[in-house]
file work.tsv (TSV, C-alpha atoms)
chain	number	residue	atom	x	y	z
Q	1	MET	CA	54.18	8.08	11.30
Q	2	GLU	CA	50.43	7.55	10.74
Q	3	ASN	CA	50.62	8.87	7.15
Q	4	GLY	CA	53.43	6.47	6.22
Q	5	SER	CA	56.38	8.85	6.64
Q	6	TYR	CA	59.62	7.50	8.07
Q	7	MET	CA	60.99	10.30	10.27
Q	8	GLN	CA	63.53	11.00	12.96
Q	9	PHE	CA	62.77	14.14	15.00
Q	10	HIS	CA	65.71	16.18	16.30
Q	11	LYS	CA	63.65	18.95	17.93
Q	12	VAL	CA	59.96	18.81	18.87
Q	13	SER	CA	58.07	21.95	19.85
Q	14	ASN	CA	54.67	20.34	20.62
Q	15	GLN	CA	53.01	23.73	20.04
Q	16	GLY	CA	50.85	25.08	17.25
Q	17	GLU	CA	49.26	23.42	14.24
Q	18	THR	CA	50.75	21.25	11.53
Q	19	PRO	CA	50.60	22.58	7.95
Q	20	LYS	CA	47.64	21.61	5.76
Q	21	ILE	CA	47.13	21.37	2.00
Q	22	GLY	CA	47.06	24.92	0.60
Q	23	ASP	CA	49.15	26.43	3.42
Q	24	TYR	CA	52.58	27.88	2.71
Q	25	VAL	CA	55.65	26.79	4.65
Q	26	ILE	CA	59.02	28.48	5.12
Q	27	ILE	CA	61.78	25.95	5.72
Q	28	ASP	CA	65.49	25.24	5.69
Q	29	PHE	CA	66.35	21.84	4.23
Q	30	ARG	CA	69.13	19.59	2.97
Q	31	GLU	CA	68.95	16.57	0.67
Q	32	SER	CA	71.31	13.60	0.80
Q	33	ILE	CA	71.67	10.29	-1.00
Q	34	GLY	CA	73.21	7.89	1.48
Q	35	ASP	CA	76.06	9.83	3.06
Q	36	SER	CA	76.43	12.32	0.16
Q	37	LEU	CA	74.95	15.81	0.52
Q	38	ILE	CA	73.51	16.87	-2.84
Q	39	TYR	CA	71.67	20.11	-1.94
Q	40	SER	CA	71.34	22.55	0.92
Q	41	SER	CA	69.07	25.61	1.05
Q	42	ASP	CA	72.00	27.36	2.76
Q	43	TRP	CA	73.59	27.52	-0.69
Q	44	ASP	CA	70.89	29.93	-1.89
Q	45	GLU	CA	70.32	33.50	-0.70
Q	46	GLU	CA	66.51	33.48	-0.93
Q	47	ILE	CA	64.25	31.92	1.69
Q	48	VAL	CA	62.54	28.65	0.75
Q	49	LYS	CA	58.78	29.14	0.64
Q	50	PHE	CA	56.32	26.85	-1.11
Q	51	GLU	CA	52.70	25.74	-1.07
Q	52	MET	CA	51.70	22.50	0.61
Q	53	THR	CA	50.24	20.02	-1.87
Q	54	GLU	CA	49.15	16.38	-1.77
Q	55	PRO	CA	52.11	13.99	-1.37
Q	56	THR	CA	53.41	12.53	-4.63
Q	57	PHE	CA	54.02	9.21	-2.90
Q	58	VAL	CA	53.57	7.83	0.62
Q	59	GLY	CA	56.22	9.23	2.93
Q	60	ASP	CA	57.65	11.95	0.66
Q	61	MET	CA	58.93	15.33	1.87
Q	62	MET	CA	55.43	16.84	1.74
Q	63	ALA	CA	54.04	14.02	3.86
Q	64	GLY	CA	56.86	14.53	6.36
Q	65	LEU	CA	56.09	18.25	6.69
Q	66	MET	CA	52.47	17.41	7.53
Q	67	ASN	CA	53.73	15.87	10.79
Q	68	MET	CA	55.77	18.92	11.85
Q	69	ARG	CA	55.09	22.14	13.76
Q	70	VAL	CA	56.91	25.47	13.71
Q	71	ASP	CA	60.43	25.15	15.18
Q	72	ASP	CA	60.46	21.36	14.70
Q	73	SER	CA	63.44	19.85	12.94
Q	74	ALA	CA	63.43	16.32	11.56
Q	75	THR	CA	64.81	13.98	8.91
Q	76	VAL	CA	62.43	12.35	6.43
Q	77	ALA	CA	63.70	9.15	4.81
Q	78	PHE	CA	62.46	7.30	1.73
Q	79	LEU	CA	64.00	5.14	-0.98
Q	80	ILE	CA	65.63	6.60	-4.09
Q	81	ASP	CA	63.32	4.24	-6.04
Q	82	SER	CA	60.27	6.33	-5.04
Q	83	MET	CA	62.02	9.59	-5.96
Q	84	CYS	CA	63.03	8.31	-9.42
Q	85	ILE	CA	59.90	6.40	-10.39
Q	86	LYS	CA	57.02	8.19	-8.68
Q	87	MET	CA	58.27	11.78	-8.55
Q	88	LEU	CA	60.54	12.03	-11.60
Q	89	GLY	CA	58.48	9.63	-13.74
Q	90	LEU	CA	61.39	7.38	-14.71
Q	91	GLU	CA	60.75	3.75	-15.61
Q	92	ALA	CA	63.44	2.54	-13.22
Q	93	VAL	CA	66.30	3.75	-11.03
Q	94	PRO	CA	69.11	4.94	-13.36
Q	95	ASP	CA	72.15	2.68	-13.69
Q	96	TYR	CA	74.38	5.16	-11.87
Q	97	LEU	CA	72.27	4.86	-8.68
Q	98	THR	CA	71.71	1.79	-6.53
Q	99	PRO	CA	68.08	0.71	-6.01
Q	100	GLY	CA	67.17	0.66	-2.35
Q	101	THR	CA	69.50	3.54	-1.43
Q	102	PRO	CA	67.92	5.82	1.20
Q	103	PHE	CA	67.19	9.44	0.30
Q	104	TYR	CA	67.24	11.79	3.30
Q	105	VAL	CA	65.67	15.23	3.66
Q	106	ASP	CA	66.68	17.22	6.76
Q	107	ILE	CA	64.00	19.86	7.45
Q	108	LYS	CA	63.61	22.76	9.86
Q	109	LEU	CA	60.09	24.22	9.76
Q	110	LYS	CA	60.46	27.95	10.38
Q	111	ASN	CA	56.94	29.25	9.74
Q	112	ILE	CA	53.49	28.34	8.47
Q	113	ILE	CA	51.32	30.77	6.54
Q	114	THR	CA	47.77	29.45	6.37
Q	115	ALA	CA	45.93	29.36	3.05
Q	116	GLU	CA	43.56	32.07	4.35
Q	117	GLU	CA	46.44	34.33	5.42
Q	118	ALA	CA	48.23	33.74	2.12
Q	119	ALA	CA	45.10	34.65	0.13
Q	120	LYS	CA	44.68	37.89	2.09
Q	121	MET	CA	48.36	38.80	1.66
Q	122	HIS	CA	48.14	38.08	-2.07
Q	123	ALA	CA	45.01	40.21	-2.44
Q	124	ARG	CA	46.70	43.14	-0.62
Q	125	GLN	CA	49.81	42.81	-2.79
Q	126	LEU	CA	47.76	42.74	-6.00
Q	127	LYS	CA	45.77	45.79	-4.92
Q	128	GLN	CA	48.96	47.75	-4.23
Q	129	MET	CA	50.56	46.58	-7.49
Q	130	LYS	CA	47.52	47.71	-9.47
Q	131	GLN	CA	47.50	51.10	-7.76
Q	132	ASP	CA	51.21	51.60	-8.46
Q	133	ASP	CA	50.71	50.57	-12.09
Q	134	ASP	CA	47.72	52.92	-12.53
Q	135	ASP	CA	49.71	55.82	-11.06
Q	136	ARG	CA	52.61	55.27	-13.46
Q	137	LEU	CA	50.31	54.87	-16.48
Q	138	ALA	CA	48.46	58.08	-15.65
Q	139	MET	CA	51.56	60.14	-16.55
Q	140	TYR	CA	51.65	58.65	-20.06
Q	141	TYR	CA	47.90	58.90	-20.67
Q	142	SER	CA	47.90	62.57	-19.65
Q	143	ASP	CA	50.85	63.53	-21.89
Q	144	GLU	CA	49.39	65.22	-24.97
Q	145	ARG	CA	52.43	64.25	-27.06
Q	146	ASN	CA	51.39	60.61	-26.92
Q	147	THR	CA	48.79	58.93	-29.14
Q	148	ILE	CA	46.25	56.65	-27.45
Q	149	THR	CA	44.61	53.95	-29.58
Q	150	LYS	CA	40.98	52.88	-29.16
Q	151	ASP	CA	42.09	49.87	-27.09
Q	152	GLY	CA	44.38	51.92	-24.86
Q	153	LEU	CA	47.81	51.25	-26.38
Q	154	ILE	CA	50.06	54.28	-25.89
Q	155	ILE	CA	52.15	55.23	-28.94
Q	156	LEU	CA	55.15	57.29	-27.92
Q	157	SER	CA	56.70	57.63	-31.39
Q	158	VAL	CA	56.92	55.95	-34.80
Q	159	ASN	CA	59.80	56.61	-37.21
Q	160	GLY	CA	60.13	55.34	-40.79
Q	161	LYS	CA	58.19	55.26	-44.04
Q	162	GLY	CA	58.30	51.57	-44.99
Q	163	ARG	CA	55.23	49.42	-45.45
Q	164	GLY	CA	53.32	48.23	-42.41
Q	165	ALA	CA	52.45	44.67	-41.50
Q	166	GLN	CA	49.12	42.97	-42.11
Q	167	LYS	CA	47.72	40.18	-39.96
Q	168	GLY	CA	49.70	37.00	-40.64
Q	169	ASP	CA	52.78	38.83	-41.97
Q	170	VAL	CA	56.10	37.99	-40.35
Q	171	LEU	CA	58.21	40.82	-38.96
Q	172	LYS	CA	61.93	40.47	-38.35
Q	173	ILE	CA	62.51	42.73	-35.35
Q	174	ASN	CA	64.75	43.57	-32.44
Q	175	PHE	CA	62.97	44.75	-29.30
Q	176	ASN	CA	63.13	45.20	-25.58
Q	177	MET	CA	60.55	45.42	-22.81
Q	178	ILE	CA	61.19	47.72	-19.86
Q	179	THR	CA	58.90	48.25	-16.87
Q	180	LEU	CA	57.65	51.74	-16.12
Q	181	SER	CA	59.95	51.73	-13.08
Q	182	GLY	CA	62.99	51.06	-15.31
Q	183	ASP	CA	63.62	47.32	-14.90
Q	184	THR	CA	64.43	45.33	-18.05
Q	185	LEU	CA	62.08	42.40	-18.62
Q	186	LEU	CA	63.55	41.28	-21.92
Q	187	ASP	CA	66.26	42.66	-24.22
Q	188	LEU	CA	66.63	41.25	-27.73
Q	189	PHE	CA	68.48	44.16	-29.34
Q	190	ASN	CA	72.07	42.92	-29.42
Q	191	ARG	CA	71.37	39.75	-31.40
Q	192	GLU	CA	69.96	38.55	-34.69
Q	193	PRO	CA	66.41	39.84	-35.38
Q	194	VAL	CA	63.64	37.53	-34.22
Q	195	ALA	CA	60.58	36.55	-36.25
Q	196	VAL	CA	57.20	37.69	-34.92
Q	197	VAL	CA	53.86	36.97	-36.59
Q	198	CYS	CA	51.62	40.02	-36.82
Q	199	GLY	CA	48.51	39.25	-34.77
Q	200	ASP	CA	50.19	36.62	-32.59
Q	201	LEU	CA	48.91	37.02	-29.02
Q	202	ASP	CA	51.71	35.17	-27.20
Q	203	LEU	CA	52.95	38.43	-25.64
Q	204	GLY	CA	49.50	39.93	-25.18
Q	205	ASN	CA	47.02	42.04	-27.13
Q	206	GLY	CA	49.07	45.22	-26.72
Q	207	PHE	CA	52.21	43.69	-28.22
Q	208	ALA	CA	50.16	42.30	-31.11
Q	209	GLU	CA	48.53	45.68	-31.77
Q	210	ALA	CA	51.89	47.46	-31.68
Q	211	MET	CA	53.21	45.29	-34.53
Q	212	LYS	CA	50.67	46.93	-36.91
Q	213	TYR	CA	52.24	50.36	-36.42
Q	214	ILE	CA	55.89	49.52	-37.07
Q	215	PRO	CA	57.09	50.40	-40.59
Q	216	GLU	CA	59.53	48.14	-42.41
Q	217	GLY	CA	63.04	49.43	-41.74
Q	218	GLY	CA	61.77	51.81	-39.06
Q	219	GLU	CA	61.39	51.88	-35.31
Q	220	ALA	CA	58.64	52.61	-32.82
Q	221	HIS	CA	58.16	53.07	-29.10
Q	222	PHE	CA	55.06	52.19	-27.09
Q	223	VAL	CA	53.70	51.84	-23.59
Q	224	VAL	CA	51.75	48.59	-23.29
Q	225	PRO	CA	49.36	48.82	-20.31
Q	226	SER	CA	49.02	45.70	-18.21
Q	227	SER	CA	45.36	45.42	-19.24
Q	228	LEU	CA	46.63	44.71	-22.78
Q	229	ALA	CA	49.37	42.38	-21.55
Q	230	PHE	CA	48.99	39.92	-18.66
Q	231	ASP	CA	46.82	42.00	-16.32
Q	232	SER	CA	46.47	40.59	-12.78
Q	233	VAL	CA	48.02	37.22	-13.68
Q	234	GLY	CA	51.42	38.09	-15.12
Q	235	LEU	CA	53.61	35.55	-16.90
Q	236	GLU	CA	55.43	33.12	-14.62
Q	237	ASN	CA	59.12	33.97	-14.08
Q	238	PHE	CA	58.89	36.72	-16.69
Q	239	ILE	CA	56.25	39.40	-16.14
Q	240	PRO	CA	54.70	40.12	-12.72
Q	241	PRO	CA	50.99	40.96	-12.29
Q	242	TYR	CA	49.88	44.50	-13.15
Q	243	CYS	CA	53.08	45.20	-15.03
Q	244	SER	CA	52.76	47.76	-17.81
Q	245	PHE	CA	55.91	48.10	-19.90
Q	246	ILE	CA	57.66	50.24	-22.47
Q	247	LEU	CA	58.14	48.41	-25.77
Q	248	ASN	CA	60.97	49.63	-28.03
Q	249	VAL	CA	61.03	47.99	-31.47
Q	250	LYS	CA	63.28	48.17	-34.53
Q	251	SER	CA	62.03	46.49	-37.70
Q	252	THR	CA	64.42	45.19	-40.37
Q	253	LYS	CA	62.06	43.34	-42.71
Q	254	ILE	CA	58.41	42.41	-43.19
Q	255	PHE	CA	57.47	39.24	-45.11
Q	256	THR	CA	54.19	37.86	-46.31
Q	257	PRO	CA	53.72	34.24	-45.13
Q	258	ASP	CA	54.82	32.91	-48.55
Q	259	GLU	CA	57.84	35.24	-48.70
Q	260	TYR	CA	58.88	34.17	-45.21
Q	261	GLU	CA	58.63	30.46	-46.04
Q	262	GLN	CA	60.78	30.97	-49.14
Q	263	GLU	CA	63.35	33.04	-47.20
Q	264	GLU	CA	63.60	30.46	-44.43
Q	265	LYS	CA	64.13	27.68	-46.98
Q	266	ARG	CA	66.87	29.72	-48.65
Q	267	LEU	CA	68.60	30.29	-45.30
Q	268	ARG	CA	68.30	26.61	-44.32
Q	269	ASP	CA	69.79	25.53	-47.61
Q	270	MET	CA	72.68	27.97	-47.22
Q	271	GLU	CA	73.28	26.81	-43.66
Q	272	GLU	CA	73.31	23.15	-44.68
Q	273	VAL	CA	75.86	23.83	-47.44
Q	274	GLU	CA	78.02	25.72	-44.94
Q	275	ASN	CA	77.67	22.96	-42.34
Q	276	GLN	CA	78.75	20.28	-44.78
Q	277	ARG	CA	81.73	22.39	-45.84
Q	278	ARG	CA	82.86	22.76	-42.21
Q	279	LYS	CA	82.32	19.06	-41.57
Q	280	ALA	CA	84.48	18.13	-44.57
Q	281	GLU	CA	87.23	20.58	-43.61
Q	282	GLU	CA	87.30	19.63	-39.90
Q	283	PRO	CA	89.97	16.86	-40.02
Q	284	ALA	CA	92.41	19.11	-41.89
Q	285	LYS	CA	91.66	21.97	-39.50
Q	286	ILE	CA	92.49	19.82	-36.45
Q	287	GLU	CA	95.62	18.44	-38.13
Q	288	LYS	CA	96.84	21.97	-38.89
Q	289	PHE	CA	96.22	23.07	-35.28
Q	290	VAL	CA	98.06	20.07	-33.83
Q	291	LYS	CA	101.01	20.64	-36.13
Q	292	GLU	CA	101.12	24.41	-35.49
Q	293	PHE	CA	101.26	23.94	-31.71
Q	294	ASP	CA	103.62	20.95	-31.92
Q	295	ILE	CA	101.28	18.63	-30.01
Q	296	LYS	CA	102.98	15.26	-29.63
Q	297	VAL	CA	100.27	13.19	-27.94
Q	298	ALA	CA	98.24	10.85	-30.12
Q	299	PRO	CA	94.45	11.17	-30.28
Q	300	SER	CA	92.21	8.53	-28.73
Q	301	SER	CA	90.09	6.23	-30.90
Q	302	THR	CA	87.36	8.90	-30.79
Q	303	GLY	CA	89.74	11.64	-31.94
Q	304	VAL	CA	90.16	13.41	-28.56
Q	305	TYR	CA	93.62	14.79	-27.75
Q	306	TYR	CA	94.31	14.68	-23.98
Q	307	LEU	CA	97.07	16.93	-22.62
Q	308	GLU	CA	97.62	16.64	-18.86
Q	309	ILE	CA	98.54	19.95	-17.22
Q	310	ALA	CA	98.61	18.85	-13.58
Q	311	ALA	CA	98.06	15.40	-12.07
Q	312	GLY	CA	95.37	15.15	-9.40
Q	313	THR	CA	95.75	13.20	-6.17
Q	314	GLY	CA	92.10	12.78	-5.15
Q	315	ASP	CA	89.32	10.41	-6.17
Q	316	SER	CA	88.90	9.17	-9.72
Q	317	VAL	CA	85.53	9.25	-11.50
Q	318	ASP	CA	83.03	6.40	-11.86
Q	319	ASN	CA	79.52	6.18	-13.33
Q	320	GLY	CA	76.94	7.70	-11.01
Q	321	ASP	CA	79.36	10.08	-9.27
Q	322	LEU	CA	78.33	13.70	-8.81
Q	323	VAL	CA	81.21	15.50	-10.51
Q	324	SER	CA	82.09	19.20	-10.23
Q	325	ILE	CA	84.40	20.82	-12.76
Q	326	HIS	CA	85.70	24.20	-13.82
Q	327	TYR	CA	86.20	24.70	-17.53
Q	328	ARG	CA	87.10	27.13	-20.29
Q	329	LEU	CA	85.76	26.59	-23.80
Q	330	TYR	CA	87.65	27.85	-26.88
Q	331	ASN	CA	87.29	27.47	-30.62
Q	332	LEU	CA	90.32	26.46	-32.69
Q	333	GLU	CA	91.10	30.13	-33.28
Q	334	ASN	CA	91.75	30.32	-29.50
Q	335	SER	CA	88.80	32.65	-28.90
Q	336	LEU	CA	87.32	32.12	-25.43
Q	337	ILE	CA	83.63	31.20	-25.83
Q	338	GLU	CA	82.66	30.71	-22.18
Q	339	SER	CA	84.12	29.89	-18.78
Q	340	SER	CA	82.92	28.67	-15.40
Q	341	TYR	CA	85.77	30.45	-13.61
Q	342	GLY	CA	84.55	33.44	-11.65
Q	343	GLY	CA	81.44	31.48	-10.65
Q	344	GLU	CA	80.45	28.14	-9.16
Q	345	PRO	CA	81.85	24.92	-10.67
Q	346	MET	CA	79.52	23.05	-13.00
Q	347	SER	CA	78.12	19.83	-11.51
Q	348	PHE	CA	76.62	16.80	-13.26
Q	349	VAL	CA	76.16	13.08	-12.78
Q	350	TYR	CA	78.94	11.23	-14.60
Q	351	GLY	CA	77.71	8.67	-17.10
Q	352	SER	CA	74.17	10.07	-17.35
Q	353	ASP	CA	74.61	11.59	-20.86
Q	354	GLU	CA	74.32	15.10	-19.44
Q	355	MET	CA	77.79	16.20	-20.52
Q	356	VAL	CA	79.82	16.64	-23.71
Q	357	PRO	CA	81.20	13.15	-24.55
Q	358	GLY	CA	84.76	14.48	-24.96
Q	359	ILE	CA	84.72	15.89	-21.43
Q	360	GLU	CA	83.47	12.61	-19.95
Q	361	GLU	CA	86.20	10.72	-21.80
Q	362	ALA	CA	88.86	13.08	-20.42
Q	363	LEU	CA	87.54	13.01	-16.84
Q	364	LYS	CA	87.95	9.23	-16.79
Q	365	LYS	CA	91.72	9.86	-16.95
Q	366	MET	CA	91.73	12.47	-14.16
Q	367	ARG	CA	91.67	12.61	-10.39
Q	368	VAL	CA	90.35	15.39	-8.15
Q	369	GLY	CA	92.71	18.35	-8.30
Q	370	GLY	CA	93.87	17.45	-11.79
Q	371	LYS	CA	93.94	19.81	-14.76
Q	372	ALA	CA	94.01	19.04	-18.47
Q	373	THR	CA	93.49	20.57	-21.89
Q	374	ILE	CA	91.63	18.58	-24.51
Q	375	ILE	CA	91.14	19.08	-28.23
Q	376	VAL	CA	87.78	17.65	-29.17
Q	377	PRO	CA	86.37	16.90	-32.64
Q	378	SER	CA	82.80	18.02	-33.20
Q	379	SER	CA	81.62	14.37	-33.10
Q	380	MET	CA	82.62	14.32	-29.40
Q	381	ALA	CA	81.47	17.90	-28.71
Q	382	PHE	CA	78.43	19.73	-30.11
Q	383	GLU	CA	78.35	18.07	-33.54
Q	384	GLY	CA	75.66	19.75	-35.70
Q	385	VAL	CA	74.57	22.24	-33.02
Q	386	ALA	CA	75.62	25.86	-33.47
Q	387	ILE	CA	76.54	27.50	-30.14
Q	388	ASP	CA	77.08	31.02	-31.50
Q	389	LYS	CA	78.74	32.85	-34.40
Q	390	GLU	CA	82.20	31.94	-33.11
Q	391	LEU	CA	81.28	28.30	-32.64
Q	392	PRO	CA	79.06	27.20	-35.53
Q	393	ALA	CA	77.94	23.62	-36.19
Q	394	TYR	CA	80.66	21.01	-36.79
Q	395	SER	CA	83.32	22.99	-34.95
Q	396	PRO	CA	86.18	21.25	-33.15
Q	397	VAL	CA	86.74	22.79	-29.71
Q	398	ILE	CA	89.28	23.10	-26.92
Q	399	PHE	CA	88.46	22.65	-23.25
Q	400	ASP	CA	90.62	23.55	-20.26
Q	401	LEU	CA	89.37	21.25	-17.49
Q	402	GLU	CA	89.84	21.17	-13.72
Q	403	LEU	CA	88.32	18.33	-11.72
Q	404	VAL	CA	87.16	20.07	-8.54
Q	405	SER	CA	85.33	17.32	-6.64
Q	406	VAL	CA	83.77	13.88	-6.88
Q	407	LYS	CA	80.90	12.70	-4.66
Q	408	LYS	CA	80.25	8.97	-4.55
Q	409	PHE	CA	76.62	7.77	-4.48
Q	410	ARG	CA	77.31	4.05	-4.65
call {"tool": "encode", "arguments": {"input": "work.tsv", "output": "structure tokens"}}
result
Amino acid sequence: MENGSYMQFHKVSNQGETPKIGDYVIIDFRESIGDSLIYSSDWDEEIVKFEMTEPTFVGDMMAGLMNMRVDDSATVAFLIDSMCIKMLGLEAVPDYLTPGTPFYVDIKLKNIITAEEAAKMHARQLKQMKQDDDDRLAMYYSDERNTITKDGLIILSVNGKGRGAQKGDVLKINFNMITLSGDTLLDLFNREPVAVVCGDLDLGNGFAEAMKYIPEGGEAHFVVPSSLAFDSVGLENFIPPYCSFILNVKSTKIFTPDEYEQEEKRLRDMEEVENQRRKAEEPAKIEKFVKEFDIKVAPSSTGVYYLEIAAGTGDSVDNGDLVSIHYRLYNLENSLIESSYGGEPMSFVYGSDEMVPGIEEALKKMRVGGKATIIVPSSMAFEGVAIDKELPAYSPVIFDLELVSVKKFR
């Protein structure tokens, strides 16, 4: 094409305009490396809509779309080298991919929304969102039981007699944020308290002001109007525009900056002592588990015990393959920590350091359809990273593995 795109058209409408920078397009698309499909928009429930921007490199997907009209379908082709180096910012094509391999994007252009139309639609949506927000807020502002601060924060209730926080103090709190229509934006109640600096504006002026009213050991409830939060902008993937919210807070402790620094050092020191204890006890813990369950197989040189449950008959795994697995993760007390069963298999590129080393070692012995259980020392699992209370740092783990599929890119 004139703009450098390599394209094969499957359907040409010859009617209407092509999309321009700033327009929005609605498309269906699939991405393939060589003969291997790696993504299809059919796999997702939501429509694919995005803004047209300048191409990242000559002949990319965006450049291809600039040659299409509504109802056209076409394949755009470019080299994996351009994708890796110019779009992803890598220094070179990774070892598990072959330089010069073609990357294909199959596209069906379903609709074009011009930049002008999109701006008008956005303005109408914002106007309606603001009106809805104002209507909901009016009920709280008119309720005489509520206290309204000078800046417009709505205090629903405050319970407790502990000291309050001064600017710069650190509060240990649990809280949630719920829209005025009842949707939960964030819920941090059923977890360890989080540290929040009094006066910190990360969650908006209203949140920061609310921290001044919460007594140590007490709780408080507020309505934070959108004008004191993120107003007409919102917070991407978190808070929409014109979104006032109810803030429920429970305070456990308030520290001065010096007190907080000392407390954090004390906790770090305690954690380090505990980590070193677990690390020292790990070999004996694994040995006891192996003996208790009468495991006869010998560990590998890395300490991984591989127990085959069912032999697979499909492809084996090589570096660069797109691998899909199901798994269950347990600690050595046989408590289930997490599982992929009940959802989609987990996919990753084998040999790209994306996966737990013990799993990659085990998969090398498996074929598609195979199942295995592995006992993995922390050095081949999560090492010094704590996953949760049931899987602290330097914990050996157990994985049930099922090799679901292997897609070859080379």
call {"tool": "closest_residue", "arguments": {"input": "work.tsv", "among": "Q:Ser36, Q:Ser226, Q:Asn3, Q:Ser339", "to": "Leu401 (chain Q)", "atoms": "all atoms listed in the file"}}
result
Q:Ser339
call {"tool": "closest_atom_pairs", "arguments": {"input": "work.tsv", "of": "region 195-236 of chain Q", "to": "region 242-256 of chain Q", "cutoff": "6 Å", "atoms": "all atoms listed in the file", "output": "tab-separated table"}}
result
residue	atom	partner	partner_atom	distance
Q:Glu216	CA	Q:Lys253	CA	5.4
Q:Gly217	CA	Q:Thr252	CA	4.7
Q:Gly218	CA	Q:Ser251	CA	5.5
Q:Glu219	CA	Q:Lys250	CA	4.2
Q:Ala220	CA	Q:Val249	CA	5.4
Q:His221	CA	Q:Asn248	CA	4.6
Q:Phe222	CA	Q:Leu247	CA	5.1
Q:Val223	CA	Q:Ile246	CA	4.4
Q:Val224	CA	Q:Phe245	CA	5.4
Q:Pro225	CA	Q:Ser244	CA	4.4
Q:Ser226	CA	Q:Ser244	CA	4.3
Q:Asp231	CA	Q:Tyr242	CA	5.1
Q:Ser232	CA	Q:Tyr242	CA	5.2
call {"tool": "closest_residue", "arguments": {"input": "work.tsv", "among": "Q:Phe50, Q:Thr302, Q:Lys389, Q:Val397", "to": "Asn334 (chain Q)", "atoms": "only C-alpha atoms"}}
result
Q:Val397
call {"tool": "atom_distance", "arguments": {"input": "work.tsv", "atom1": "CA of Val12 (chain Q)", "atom2": "CA of Asn111 (chain Q)"}}
result
14.2 Å
call {"tool": "closest_residue", "arguments": {"input": "work.tsv", "among": "Q:Asn146, Q:Asp106, Q:Tyr213, Q:Glu31", "to": "Asn159 (chain Q)", "atoms": "all atoms listed in the file"}}
result
Q:Tyr213
call {"tool": "residues_around", "arguments": {"input": "work.tsv", "residues": "Pro240 (chain Q)", "least_positions_apart": "4", "cutoff": "12 Å", "atoms": "only C-alpha atoms", "output": "list in words"}}
result
Gln125, Leu126, Met129, Lys130, Asp133, Thr179, Asp183, Leu185, Ser226, Ala229, Phe230, Asp231, Ser232, Val233, Gly234, Leu235, Glu236, Ser244 and Phe245 of chain Q
call {"tool": "closest_residue", "arguments": {"input": "work.tsv", "among": "Q:Met380, Q:Val197, Q:Met177, Q:Leu156", "to": "Glu361 (chain Q)", "atoms": "all atoms listed in the file"}}
result
Q:Met380
call {"tool": "atom_distance", "arguments": {"input": "work.tsv", "atom1": "CA of Arg367 (chain Q)", "atom2": "CA of Val93 (chain Q)"}}
result
26.9 Å
